[in-house]
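Q: What follows is a structure written as structure tokens; I'll ask about it next.
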Amino acid sequence: MKKDLPENKVSGVDVAVVLESDSPQGKVWNVYLINEQKAKLQNVLVSSKGYGVKDSREVKTTTLRHFLGDVLAQSAIKIEAIDTEVFGLTNEYWVSYYVDNVMYDKKYIFLPESIVDENLIKTPFVGKPGVMIGGQN
């Protein structure tokens, strides 16, 4: 049955962990969905969770679900705040949306310790430094 479904490739939709501010009190990070397409994303749903090993024991964060509604073409929208305490875990974002009544979905996975200064780039439509995973299959 699954083989009968069309394979809808995700392209031009990214997830980025963005450094919002850096002050003596600490760094503030947020996660954004970035739509680089020329089409609006409709009924966007994002599921996020973290998992891995910390201090020699298995750790799982709570699974959060975010309904973002429509995301305009060539824009970015904040998904959630993220704490630096979970950067040592695998952070997974599963994004589902529609374009022209066709459903698309993709998992974006930030591996442990991948959210570091060496991986920062200027994120499109946010204009701040961040670690970004592109939606190219």
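Identifiers in the structure tokens: chain A, B, ... in order shown; residue index from 1 per chain; ligand index from 1 in order shown.
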Please extract the residues of chain A with a backbone DSSP assignment of helix (DSSP H, G or I) and present them as an MDAnalysis selection string.

A: chainID A and resid 2:4 84:86 117:119

Q: When you look at region 44-56 of chain A with a cut-off of 6 Å (counting only C-alpha atoms), what residues show up, excluding the ones that are within fewer than 2 positions of it in the same chain? I need them as a list of chain:residue names.

A: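 The residues that qualify are A:Gln42, A:Glu58, A:Val59, A:Lys60, A:Thr61, A:Thr63, A:Leu64, A:Arg65, A:His66, A:Phe67, A:Leu68, A:Gly69, A:Leu89, A:Thr90, A:Asn91, A:Glu92, A:Tyr93, A:Trp94, A:Val95, A:Ser96, A:Tyr97.
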
Q: Convert the current residue selection to file output with N, CA and C atoms, as a compact mmCIF listing (two decimals), in the first residue's frame.

A:
# COMPACT_ATOMS: atom_id res chain seq x y z
N GLN A 42 0.50 25.49 3.53
CA GLN A 42 -0.79 25.54 4.21
C GLN A 42 -0.88 24.48 5.30
N GLU A 58 19.58 7.18 29.42
CA GLU A 58 18.69 7.53 28.31
C GLU A 58 17.78 8.69 28.71
N VAL A 59 17.67 9.66 27.81
CA VAL A 59 16.84 10.83 28.08
C VAL A 59 15.90 11.05 26.90
N LYS A 60 14.65 11.38 27.20
CA LYS A 60 13.66 11.76 26.18
C LYS A 60 12.96 13.02 26.66
N THR A 61 12.82 13.98 25.77
CA THR A 61 12.05 15.17 26.13
C THR A 61 10.58 14.92 25.79
N THR A 63 7.28 15.32 23.75
CA THR A 63 6.96 15.62 22.35
C THR A 63 6.00 16.80 22.32
N LEU A 64 6.37 17.83 21.58
CA LEU A 64 5.54 19.02 21.45
C LEU A 64 4.99 19.08 20.03
N ARG A 65 3.76 19.55 19.89
CA ARG A 65 3.15 19.72 18.58
C ARG A 65 2.76 21.18 18.42
N HIS A 66 3.12 21.74 17.27
CA HIS A 66 2.87 23.15 16.99
C HIS A 66 2.09 23.27 15.69
N PHE A 67 0.91 23.87 15.74
CA PHE A 67 0.17 24.17 14.52
C PHE A 67 0.49 25.61 14.14
N LEU A 68 1.15 25.78 13.00
CA LEU A 68 1.60 27.11 12.58
C LEU A 68 0.63 27.76 11.59
N GLY A 69 -0.35 27.02 11.11
CA GLY A 69 -1.27 27.57 10.12
C GLY A 69 -0.57 27.69 8.78
N LEU A 89 21.58 16.47 22.88
CA LEU A 89 20.67 15.40 22.47
C LEU A 89 20.42 15.49 20.96
N THR A 90 19.82 14.45 20.41
CA THR A 90 19.30 14.52 19.05
C THR A 90 17.99 15.28 19.12
N ASN A 91 17.85 16.34 18.33
CA ASN A 91 16.63 17.14 18.31
C ASN A 91 15.95 16.95 16.96
N GLU A 92 14.71 16.44 17.00
CA GLU A 92 13.99 16.06 15.79
C GLU A 92 12.76 16.95 15.60
N TYR A 93 12.60 17.42 14.37
CA TYR A 93 11.44 18.23 13.98
C TYR A 93 10.80 17.56 12.78
N TRP A 94 9.55 17.14 12.94
CA TRP A 94 8.83 16.51 11.85
C TRP A 94 7.82 17.53 11.34
N VAL A 95 8.00 17.97 10.11
CA VAL A 95 7.19 19.04 9.52
C VAL A 95 6.25 18.45 8.49
N SER A 96 4.96 18.77 8.59
CA SER A 96 3.95 18.36 7.61
C SER A 96 3.20 19.61 7.14
N TYR A 97 2.88 19.64 5.84
CA TYR A 97 2.17 20.79 5.28
C TYR A 97 1.56 20.42 3.94

Q: Looking at A:Glu7, A:Val28, A:Leu41, A:Ala76, which one is nearest to Pro124 (chain A), with distances taken over only C-alpha atoms?

A: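 Smallest distance to Pro124 (chain A) is found for A:Ala76.
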
Q: Can you pull out every residue from region 5-136 of chain A that DSSP, working from the backbone, puts in strand (DSSP E or B), and format the result as JSON, numbers by chain?

A: {"A": [13, 14, 15, 16, 17, 18, 19, 20, 21, 22, 23, 26, 27, 28, 29, 30, 31, 32, 33, 34, 35, 41, 42, 43, 44, 45, 46, 47, 48, 49, 50, 51, 52, 53, 54, 57, 58, 59, 60, 64, 65, 66, 67, 68, 69, 70, 71, 75, 76, 77, 78, 79, 80, 81, 82, 90, 91, 92, 93, 94, 95, 96, 97, 98, 99, 102, 103, 104, 105, 106, 107, 108, 109, 110, 121, 122, 129, 130, 131, 132, 133]}

Q: Would you mind reading off the distance between CA of Val10 (chain A) and CA of Asn43 (chain A), one decimal, in Å?

A: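 We find that CA of Val10 (chain A) and CA of Asn43 (chain A) lie 15.3 Å from each other.
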
Q: Between A:Pro24, A:Pro129, A:Gly88, A:Gly12, which residue has the minimum interatomic distance to Glu36 (chain A), considering only C-alpha atoms?

A: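 With only C-alpha atoms as the atom set, the closest residue is A:Gly12.
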
Q: Tell me which protein, DNA and RNA residues are within 12 Å of Ala16 (chain A), counting only C-alpha atoms, leaving out same-chain ones fewer than 3 positions away, and put them as a compact mmCIF listing (two decimals) with C-alpha atoms, in the first residue's frame.

A:
# COMPACT_ATOMS: atom_id res chain seq x y z
CA VAL A 13 11.62 24.20 3.31
CA LEU A 19 20.84 32.56 17.92
CA GLU A 20 18.49 35.43 18.80
CA TRP A 29 17.98 30.36 20.85
CA ASN A 30 14.78 29.81 18.86
CA VAL A 31 13.80 27.29 16.20
CA TYR A 32 12.37 28.60 12.91
CA LEU A 33 10.64 27.09 9.91
CA ILE A 34 11.92 28.77 6.75
CA ASN A 35 9.90 28.67 3.53
CA ALA A 76 10.23 32.43 8.26
CA ILE A 77 8.11 31.68 11.31
CA LYS A 78 9.17 30.81 14.85
CA ILE A 79 8.37 27.27 15.95
CA GLU A 80 9.61 27.29 19.55
CA ALA A 81 12.32 28.37 21.95
CA ILE A 82 15.08 25.83 22.58
CA ASN A 91 16.63 17.14 18.31
CA GLU A 92 13.99 16.06 15.79
CA TYR A 93 11.44 18.23 13.98
CA TYR A 108 14.75 17.34 10.20
CA ILE A 109 17.30 15.97 12.67
CA PHE A 110 19.91 18.02 14.52
CA SER A 114 25.78 19.99 15.93
CA ILE A 115 24.43 23.30 17.21
CA ASN A 119 28.23 25.59 12.14
CA LEU A 120 26.54 29.01 12.26
CA ILE A 121 25.45 30.63 8.99
CA LYS A 122 23.26 33.66 8.24
CA THR A 123 19.75 32.25 8.04
CA PRO A 124 17.52 33.40 5.17
CA PHE A 125 14.51 35.59 6.04
CA VAL A 126 15.59 35.72 9.70
CA GLY A 127 18.93 37.43 9.08
CA LYS A 128 20.58 36.08 12.22
CA PRO A 129 23.20 33.38 12.77
CA GLY A 130 21.87 29.86 13.01
CA VAL A 131 22.37 26.20 12.24
CA MET A 132 20.12 25.21 9.35
CA ILE A 133 18.99 21.93 7.83
CA GLY A 134 17.63 22.24 4.30
CA GLY A 135 14.66 20.40 2.91

Q: From the set A:Thr62, A:Asn8, A:Ala73, A:Val17, which residue has the shortest atom-to-atom contact distance to Val116 (chain A), counting only C-alpha atoms?

A: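 Checking each candidate against Val116 (chain A), we get A:Val17 as the closest.
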
Q: Of the candidates A:Glu85, A:Asp70, A:Asp22, A:Asp100, which shows the shortest atom-to-atom distance to Glu113 (chain A), using only C-alpha atoms?

A: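 Going through A:Glu85, A:Asp70, A:Asp22, A:Asp100 one by one, the smallest distance to Glu113 (chain A) is for A:Glu85.
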